[in-house]
>>> print(open('final38.csv').read())   # CSV, C-alpha atoms
chain,number,residue,atom,x,y,z
F,1,MET,CA,53.0,83.2,221.2
F,2,THR,CA,51.6,81.6,224.4
F,3,ASP,CA,53.4,81.8,227.7
F,4,HIS,CA,54.0,78.2,228.8
F,5,THR,CA,54.4,79.0,232.5
F,6,SER,CA,51.9,76.8,234.3
F,7,TRP,CA,49.7,79.6,235.8
F,8,LYS,CA,46.6,78.3,237.6
F,9,ALA,CA,44.6,81.5,237.7
F,10,PHE,CA,45.6,82.9,234.3
F,11,THR,CA,46.4,82.3,230.7
F,12,VAL,CA,49.0,84.5,229.1
F,13,GLU,CA,49.5,85.1,225.4
F,14,HIS,CA,52.1,87.3,223.7
F,15,LYS,CA,51.7,88.8,220.2
F,16,ASP,CA,53.3,91.9,218.6
F,17,HIS,CA,54.6,93.4,221.9
F,18,VAL,CA,51.2,93.0,223.6
F,19,ALA,CA,50.5,90.4,226.3
F,20,GLN,CA,47.0,89.3,227.0
F,21,VAL,CA,46.4,88.2,230.6
F,22,THR,CA,43.1,86.3,231.1
F,23,LEU,CA,41.5,85.4,234.4
F,24,ILE,CA,40.4,81.8,234.4
F,25,GLY,CA,39.4,81.1,238.0
F,26,PRO,CA,39.6,78.2,238.9
F,27,GLY,CA,36.6,79.4,240.9
F,28,LYS,CA,33.2,80.0,239.3
F,29,GLY,CA,33.0,83.3,237.4
F,30,ASN,CA,36.8,83.6,237.6
F,31,ALA,CA,36.5,84.2,241.4
F,32,MET,CA,39.7,85.5,243.0
F,33,GLY,CA,41.1,82.7,245.1
F,34,PRO,CA,44.5,81.9,246.6
F,35,ASP,CA,46.1,81.1,243.2
F,36,LEU,CA,45.3,84.5,241.8
F,37,TRP,CA,46.6,86.4,244.8
F,38,SER,CA,49.9,84.5,244.8
F,39,GLU,CA,50.4,84.5,241.0
F,40,LEU,CA,49.4,88.0,240.2
F,41,PRO,CA,52.5,89.8,241.5
F,42,VAL,CA,54.8,87.3,240.0
F,43,LEU,CA,53.2,87.5,236.6
F,44,PHE,CA,53.2,91.3,236.5
F,45,ALA,CA,56.7,91.5,237.7
F,46,GLN,CA,57.7,89.2,234.7
F,47,LEU,CA,55.7,91.4,232.3
F,48,ASP,CA,57.3,94.5,233.7
F,49,ALA,CA,60.8,93.0,233.2
F,50,ASP,CA,60.1,91.6,229.7
F,51,PRO,CA,61.5,94.0,227.1
F,52,ASP,CA,59.3,92.4,224.4
F,53,VAL,CA,56.1,93.4,226.2
F,54,ARG,CA,55.1,97.0,225.7
F,55,ALA,CA,51.4,96.8,226.8
F,56,VAL,CA,49.0,94.4,228.5
F,57,VAL,CA,45.4,93.5,227.9
F,58,LEU,CA,43.6,92.2,231.0
F,59,ALA,CA,40.5,90.2,230.4
F,60,GLY,CA,38.3,87.5,232.0
F,61,ALA,CA,37.5,84.1,230.4
F,62,GLY,CA,33.8,83.2,229.7
F,63,LYS,CA,30.8,85.4,230.3
F,64,HIS,CA,32.2,87.4,233.2
F,65,PHE,CA,35.3,89.4,234.2
F,66,THR,CA,35.2,88.2,237.8
F,67,PHE,CA,32.8,87.6,240.6
F,68,GLY,CA,35.4,89.0,243.0
F,69,LEU,CA,36.9,87.4,246.1
F,70,ASP,CA,36.4,83.7,246.3
F,71,LEU,CA,34.9,83.6,249.8
F,72,VAL,CA,34.7,79.8,249.9
F,73,ALA,CA,38.4,79.3,248.9
F,74,MET,CA,39.6,82.1,251.1
F,75,GLY,CA,37.4,81.2,254.1
F,76,GLY,CA,40.2,79.4,255.8
F,77,ASP,CA,42.4,82.5,255.8
F,78,LEU,CA,39.6,84.5,257.4
F,79,ALA,CA,38.6,81.9,260.0
F,80,ALA,CA,41.3,82.7,262.6
F,81,VAL,CA,40.6,86.4,262.7
F,82,LEU,CA,36.8,85.8,262.9
F,83,ALA,CA,37.0,83.2,265.7
F,84,ASP,CA,35.8,84.2,269.1
F,85,GLY,CA,38.6,85.7,271.2
F,86,ALA,CA,40.8,86.4,268.2
F,87,ARG,CA,43.7,88.5,269.5
F,88,ALA,CA,47.0,89.9,268.4
F,89,LYS,CA,48.4,86.8,266.6
F,90,ALA,CA,45.3,86.3,264.5
F,91,ARG,CA,44.9,90.0,263.7
F,92,THR,CA,48.6,90.3,262.8
F,93,ASP,CA,48.4,87.3,260.5
F,94,PHE,CA,45.3,88.8,258.9
F,95,HIS,CA,47.0,92.2,258.5
F,96,GLY,CA,49.9,90.4,256.7
F,97,MET,CA,47.4,88.7,254.4
F,98,VAL,CA,45.7,92.0,253.5
F,99,LYS,CA,49.1,93.6,252.8
F,100,ARG,CA,50.1,90.7,250.5
F,101,MET,CA,46.8,91.0,248.6
F,102,GLN,CA,47.2,94.7,248.3
F,103,ALA,CA,50.7,94.1,246.9
F,104,ALA,CA,49.3,91.8,244.3
F,105,ILE,CA,47.0,94.6,243.0
F,106,THR,CA,49.7,97.2,243.3
F,107,ALA,CA,51.9,95.0,241.0
F,108,VAL,CA,49.4,95.7,238.3
F,109,ALA,CA,49.3,99.4,239.0
F,110,ASP,CA,53.1,99.7,239.2
F,111,CYS,CA,53.8,97.7,236.0
F,112,ARG,CA,55.6,100.0,233.6
F,113,LYS,CA,53.7,98.4,230.7
F,114,PRO,CA,50.3,100.1,230.4
F,115,VAL,CA,47.4,97.8,231.3
F,116,VAL,CA,44.1,98.0,229.3
F,117,ALA,CA,41.2,96.1,231.0
F,118,ALA,CA,38.5,94.6,228.9
F,119,ILE,CA,35.5,93.9,231.1
F,120,GLN,CA,32.4,91.8,230.3
F,121,GLY,CA,29.6,90.5,232.5
F,122,TRP,CA,30.1,90.9,236.2
F,123,CYS,CA,33.0,92.8,237.8
F,124,ILE,CA,32.4,92.6,241.5
F,125,GLY,CA,34.3,93.5,244.6
F,126,GLY,CA,37.9,92.4,244.1
F,127,GLY,CA,37.3,92.8,240.4
F,128,VAL,CA,36.9,96.5,240.9
F,129,ASP,CA,40.0,96.6,243.0
F,130,LEU,CA,41.8,95.0,240.0
F,131,ILE,CA,40.5,97.3,237.3
F,132,THR,CA,41.2,100.4,239.3
F,133,ALA,CA,44.9,99.3,239.0
F,134,ALA,CA,44.6,99.3,235.2
F,135,ASP,CA,45.4,102.4,233.1
F,136,ILE,CA,42.5,102.2,230.8
F,137,ARG,CA,39.1,100.4,231.2
F,138,TYR,CA,36.7,99.3,228.5
F,139,ALA,CA,33.4,97.5,229.0
F,140,SER,CA,30.9,95.5,227.0
F,141,ALA,CA,27.3,96.6,227.0
F,142,ASP,CA,26.4,93.7,229.4
F,143,ALA,CA,29.0,94.6,232.0
F,144,LYS,CA,28.0,95.3,235.6
F,145,PHE,CA,30.1,96.7,238.4
F,146,SER,CA,29.7,96.6,242.2
F,147,VAL,CA,31.8,97.7,245.1
F,148,ARG,CA,30.1,94.8,246.9
F,149,GLU,CA,32.2,94.6,250.1
F,150,VAL,CA,29.8,96.6,252.3
F,151,LYS,CA,27.2,94.0,251.5
F,152,VAL,CA,29.3,91.3,253.1
F,153,GLY,CA,30.3,93.3,256.2
F,154,MET,CA,33.7,94.5,254.9
F,155,VAL,CA,35.5,97.7,254.2
F,156,ALA,CA,37.1,97.3,250.7
F,157,ASP,CA,40.8,97.0,251.5
F,158,VAL,CA,42.9,96.0,248.6
F,159,GLY,CA,42.7,99.0,246.3
F,160,THR,CA,39.3,100.3,245.4
F,161,LEU,CA,39.0,103.0,248.1
F,162,ALA,CA,42.6,104.1,247.5
F,163,ARG,CA,42.5,104.3,243.7
F,164,LEU,CA,38.8,104.8,242.7
F,165,PRO,CA,38.8,108.5,243.9
F,166,TYR,CA,41.4,109.3,241.3
F,167,ILE,CA,39.2,107.8,238.6
F,168,ILE,CA,35.7,109.0,239.4
F,169,GLY,CA,34.2,111.8,241.5
F,170,ASP,CA,34.0,111.7,245.2
F,171,GLY,CA,30.3,111.5,245.3
F,172,HIS,CA,30.2,108.6,242.9
F,173,VAL,CA,32.9,106.8,245.0
F,174,ARG,CA,30.8,107.2,248.1
F,175,GLU,CA,27.6,106.1,246.5
F,176,LEU,CA,29.1,102.9,245.2
F,177,ALA,CA,31.1,102.1,248.3
F,178,LEU,CA,28.3,102.9,250.8
F,179,THR,CA,25.4,101.3,249.0
F,180,GLY,CA,27.2,98.3,247.4
F,181,LYS,CA,24.8,98.9,244.5
F,182,ASP,CA,25.2,97.4,241.0
F,183,ILE,CA,25.7,99.7,238.1
F,184,ASP,CA,25.6,98.9,234.4
F,185,ALA,CA,28.1,99.8,231.6
F,186,ALA,CA,26.2,102.9,230.6
F,187,ARG,CA,26.3,104.3,234.1
F,188,ALA,CA,30.0,103.2,234.5
F,189,GLU,CA,30.8,105.2,231.3
F,190,LYS,CA,28.8,108.2,232.5
F,191,ILE,CA,30.7,108.5,235.8
F,192,GLY,CA,34.1,107.8,234.1
F,193,LEU,CA,34.8,104.4,235.5
F,194,VAL,CA,35.2,103.1,232.0
F,195,ASN,CA,36.5,104.9,228.9
F,196,ASP,CA,34.1,103.4,226.4
F,197,VAL,CA,31.4,100.7,226.0
F,198,PHE,CA,31.2,98.2,223.2
F,199,ALA,CA,28.5,95.8,222.0
F,200,ASP,CA,29.8,92.5,223.3
F,201,ALA,CA,32.8,90.7,224.8
F,202,ASP,CA,34.4,90.1,221.4
F,203,GLU,CA,34.2,93.8,220.5
F,204,VAL,CA,35.5,95.0,223.9
F,205,LEU,CA,38.5,92.7,223.7
F,206,ALA,CA,39.2,93.8,220.2
F,207,ALA,CA,39.1,97.5,221.3
F,208,ALA,CA,41.4,96.8,224.1
F,209,HIS,CA,43.9,95.2,221.7
F,210,ARG,CA,43.7,98.1,219.4
F,211,THR,CA,44.5,100.5,222.1
F,212,ALA,CA,47.3,98.3,223.4
F,213,ALA,CA,48.7,98.1,219.9
F,214,ASP,CA,48.6,101.9,219.7
F,215,ILE,CA,50.6,102.1,222.9
F,216,ALA,CA,53.0,99.4,221.9
F,217,ALA,CA,53.8,101.4,218.7
F,218,ASN,CA,55.1,104.3,220.7
F,219,PRO,CA,58.7,104.7,222.2
F,220,PRO,CA,58.6,102.3,225.2
F,221,LEU,CA,60.8,104.3,227.5
F,222,VAL,CA,58.7,107.4,226.9
F,223,VAL,CA,55.6,105.3,227.7
F,224,HIS,CA,57.2,104.2,230.9
F,225,GLY,CA,58.0,107.9,231.7
F,226,ILE,CA,54.4,109.0,231.1
F,227,LYS,CA,53.1,106.4,233.5
F,228,ASP,CA,55.8,107.3,236.1
F,229,VAL,CA,54.9,111.0,235.9
F,230,LEU,CA,51.2,110.4,236.1
F,231,ASP,CA,51.5,108.1,239.0
F,232,HIS,CA,54.0,110.2,240.9
F,233,SER,CA,51.7,112.8,242.4
F,234,ARG,CA,49.2,110.2,243.7
F,235,SER,CA,51.4,107.3,244.7
F,236,ALA,CA,52.0,108.5,248.3
F,237,GLN,CA,48.3,109.1,248.9
F,238,VAL,CA,47.5,105.6,247.5
F,239,ASP,CA,50.1,104.0,249.7
F,240,ASP,CA,48.9,105.8,252.8
F,241,SER,CA,45.3,104.8,252.1
F,242,LEU,CA,46.3,101.1,251.7
F,243,ARG,CA,48.3,101.1,254.9
F,244,TYR,CA,45.4,102.7,256.8
F,245,VAL,CA,42.7,100.4,255.6
F,246,ALA,CA,44.8,97.3,256.3
F,247,ALA,CA,45.3,98.4,259.9
F,248,TRP,CA,41.6,99.4,260.2
F,249,ASN,CA,40.3,96.0,259.0
F,250,ALA,CA,42.8,94.1,261.2
F,251,ALA,CA,41.3,96.0,264.1
F,252,PHE,CA,37.6,96.1,263.2
F,253,LEU,CA,36.8,93.5,260.5
F,254,PRO,CA,35.7,90.7,263.0
F,255,SER,CA,32.0,91.2,263.7
F,256,GLU,CA,28.8,89.4,264.0
F,257,ASP,CA,27.6,91.3,260.9
F,258,LEU,CA,30.4,89.8,258.8
F,259,GLY,CA,29.5,86.3,260.0
F,260,GLU,CA,25.9,87.0,259.3
F,261,ALA,CA,26.7,88.2,255.8
F,262,ILE,CA,28.7,85.1,254.9
F,263,LYS,CA,26.1,82.8,256.4
F,264,ALA,CA,23.3,84.6,254.5
F,265,ILE,CA,25.2,84.1,251.2
F,266,PHE,CA,25.5,80.4,251.7
F,267,GLU,CA,21.8,80.2,252.8
F,268,LYS,CA,20.8,82.4,249.9
F,269,ARG,CA,18.7,84.8,252.0
F,270,PRO,CA,18.9,88.5,252.9
F,271,PRO,CA,21.2,89.2,255.8
F,272,GLU,CA,20.0,90.9,259.0
F,273,PHE,CA,22.7,93.2,260.2
F,274,LYS,CA,22.7,94.4,263.8
F,275,GLY,CA,25.8,96.6,264.1
F,276,GLN,CA,27.6,94.1,266.3
>>> encode(input="final38.csv", output="C-alpha cells")
Amino acid sequence: MTDHTSWKAFTVEHKDHVAQVTLIGPGKGNAMGPDLWSELPVLFAQLDADPDVRAVVLAGAGKHFTFGLDLVAMGGDLAAVLADGARAKARTDFHGMVKRMQAAITAVADCRKPVVAAIQGWCIGGGVDLITAADIRYASADAKFSVREVKVGMVADVGTLARLPYIIGDGHVRELALTGKDIDAARAEKIGLVNDVFADADEVLAAAHRTAADIAANPPLVVHGIKDVLDHSRSAQVDDSLRYVAAWNAAFLPSEDLGEAIKAIFEKRPPEFKGQ
C-alpha cells in the first residue's frame, strides 16, 4: 500500500508491517533541502504512531542515497549568519535552524519502529548524519561515504559527531571527520559503519527488507523495549553533544574559510583556506 500523503522529499510505501521511506530530492542526488528537513520529523512521528508499521526501510531513489545538504537550496538560510557584522539576531536564528535540523534527524533515531538503511552510491555529509540515526545499515558494493563537512568549512552539527562514536571506534570517527575523506563500502564494513555489503542497489534493498520483515515478525512492544533500553544509556550524551555543537557553530561557523569553500564549490576549483 502506498502512503498518499503528498510528501515532496520522500515516497512512502507500506507492505506487511514494513514502511519503505525513499529519499527523492527534489535536489540532484536526493540532496537534503528545506522540504526534507521540514517533512522528516512529521513523517517519522506518523510512522512511530502507526500501529500497522513495525519496521522501516530507509532508501534513496536512483543511483545515490544522498549527496547531503543542498547548499544551493539552503543558501538563503545561511546568508544572514554569514553576512558581515552578523550579530546576536542572525546567530540566534541560525542556532534555531540547527536545532530544528537536529530534531529532524533525532526523529529517525527516536522512532520506536527500527530503521534499516539501504545505502547505494554516495552518502555524503548530511546523509551520514541520517544513517547514524538508523538502527542497522547495509550498503551496496558501489556505496561511498564521506563526513564531508570539514571540506566546506563546517563542523558537522546535526548528528554525526554525536552518534557516530557509538557506531565505530574513536580513531575512525576522528579520521573521517578531520580529513573529510571518502571511504568505500568495503572500508565502511571493516570499521563497522555498515553491517553488511551487497552486490548492487537491488540486493541491498532486498536485504534491508528481509531484516525489516524479521523484525516485524517479532512482538512489537518487545521490539520497542529493546530499542528503548539500548538507547537509554547513550541518549543523554547524544543530547549533550547536539546542544554543544549547535551553540559552537552559532558562535564560530561564520568565517572567510566557509565563504571560500562555498565559492570554490560553485567555481569547481580547490579551495584555499587561510584560517580566518
>>> residues_around(input="final38.csv", residues="F:Lys151", least_positions_apart="6", cutoff="8 Å", atoms="all atoms listed in the file", output="ChimeraX atom specification")
/F:179-180,261
>>> residues_around(input="final38.csv", residues="F:Gly169", least_positions_apart="6", cutoff="10 Å", atoms="only C-alpha atoms", output="PyMOL selection string")
chain F and resi 191-193
>>> write_last_selection(input="final38.csv", atoms="C-alpha atoms", output="PDB file, keeping the file's coordinate frame")
ATOM      1  CA  ILE F 191      30.700 108.500 235.800  1.00  0.00           C
ATOM      2  CA  GLY F 192      34.100 107.800 234.100  1.00  0.00           C
ATOM      3  CA  LEU F 193      34.800 104.400 235.500  1.00  0.00           C
TER       4      LEU F 193
END
>>> residues_around(input="final38.csv", residues="F:Phe67", least_positions_apart="5", cutoff="6 Å", atoms="only C-alpha atoms", output="compact mmCIF listing (two decimals) with C-alpha atoms, keeping the file's coordinate frame")
# COMPACT_ATOMS: atom_id res chain seq x y z
CA GLY F 29 33.00 83.30 237.40
CA ALA F 31 36.50 84.20 241.40
CA CYS F 123 33.00 92.80 237.80
CA ILE F 124 32.40 92.60 241.50
>>> closest_residue(input="final38.csv", among="F:Ala186, F:Ala162, F:Val21, F:Leu40", to="F:Ala103", atoms="all atoms listed in the file")
F:Leu40
>>> closest_residue(input="final38.csv", among="F:Gly126, F:Pro34, F:Pro51, F:Gly275", to="F:Gly153", atoms="all atoms listed in the file")
F:Gly275
>>> residues_around(input="final38.csv", residues="F:Arg87", least_positions_apart="6", cutoff="12 Å", atoms="only C-alpha atoms", output="list of chain:residue names")
F:Ala80, F:Val81, F:Asp93, F:Phe94, F:Ala250, F:Ala251, F:Phe252, F:Pro254
>>> closest_residue(input="final38.csv", among="F:Leu176, F:Ala133, F:Ala213, F:Leu23", to="F:Ser235", atoms="only C-alpha atoms")
F:Ala133
>>> closest_residue(input="final38.csv", among="F:Lys8, F:Leu58, F:Val108, F:Leu78", to="F:Gln46", atoms="all atoms listed in the file")
F:Val108
>>> residues_around(input="final38.csv", residues="F:Leu36", least_positions_apart="2", cutoff="12 Å", atoms="only C-alpha atoms", output="mmCIF file with C-alpha atoms, in the frame of the given file")
data_model
loop_
_atom_site.group_PDB
_atom_site.id
_atom_site.type_symbol
_atom_site.label_atom_id
_atom_site.label_comp_id
_atom_site.auth_asym_id
_atom_site.auth_seq_id
_atom_site.Cartn_x
_atom_site.Cartn_y
_atom_site.Cartn_z
ATOM 1 C CA TRP F 7 49.700 79.600 235.800
ATOM 2 C CA LYS F 8 46.600 78.300 237.600
ATOM 3 C CA ALA F 9 44.600 81.500 237.700
ATOM 4 C CA PHE F 10 45.600 82.900 234.300
ATOM 5 C CA THR F 11 46.400 82.300 230.700
ATOM 6 C CA VAL F 21 46.400 88.200 230.600
ATOM 7 C CA THR F 22 43.100 86.300 231.100
ATOM 8 C CA LEU F 23 41.500 85.400 234.400
ATOM 9 C CA ILE F 24 40.400 81.800 234.400
ATOM 10 C CA GLY F 25 39.400 81.100 238.000
ATOM 11 C CA PRO F 26 39.600 78.200 238.900
ATOM 12 C CA GLY F 27 36.600 79.400 240.900
ATOM 13 C CA ASN F 30 36.800 83.600 237.600
ATOM 14 C CA ALA F 31 36.500 84.200 241.400
ATOM 15 C CA MET F 32 39.700 85.500 243.000
ATOM 16 C CA GLY F 33 41.100 82.700 245.100
ATOM 17 C CA PRO F 34 44.500 81.900 246.600
ATOM 18 C CA SER F 38 49.900 84.500 244.800
ATOM 19 C CA GLU F 39 50.400 84.500 241.000
ATOM 20 C CA LEU F 40 49.400 88.000 240.200
ATOM 21 C CA PRO F 41 52.500 89.800 241.500
ATOM 22 C CA VAL F 42 54.800 87.300 240.000
ATOM 23 C CA LEU F 43 53.200 87.500 236.600
ATOM 24 C CA PHE F 44 53.200 91.300 236.500
ATOM 25 C CA THR F 66 35.200 88.200 237.800
ATOM 26 C CA GLY F 68 35.400 89.000 243.000
ATOM 27 C CA LEU F 69 36.900 87.400 246.100
ATOM 28 C CA ASP F 70 36.400 83.700 246.300
ATOM 29 C CA ALA F 73 38.400 79.300 248.900
ATOM 30 C CA MET F 74 39.600 82.100 251.100
ATOM 31 C CA ARG F 100 50.100 90.700 250.500
ATOM 32 C CA MET F 101 46.800 91.000 248.600
ATOM 33 C CA ALA F 104 49.300 91.800 244.300
ATOM 34 C CA ILE F 105 47.000 94.600 243.000
ATOM 35 C CA GLY F 126 37.900 92.400 244.100
ATOM 36 C CA GLY F 127 37.300 92.800 240.400
ATOM 37 C CA LEU F 130 41.800 95.000 240.000
#
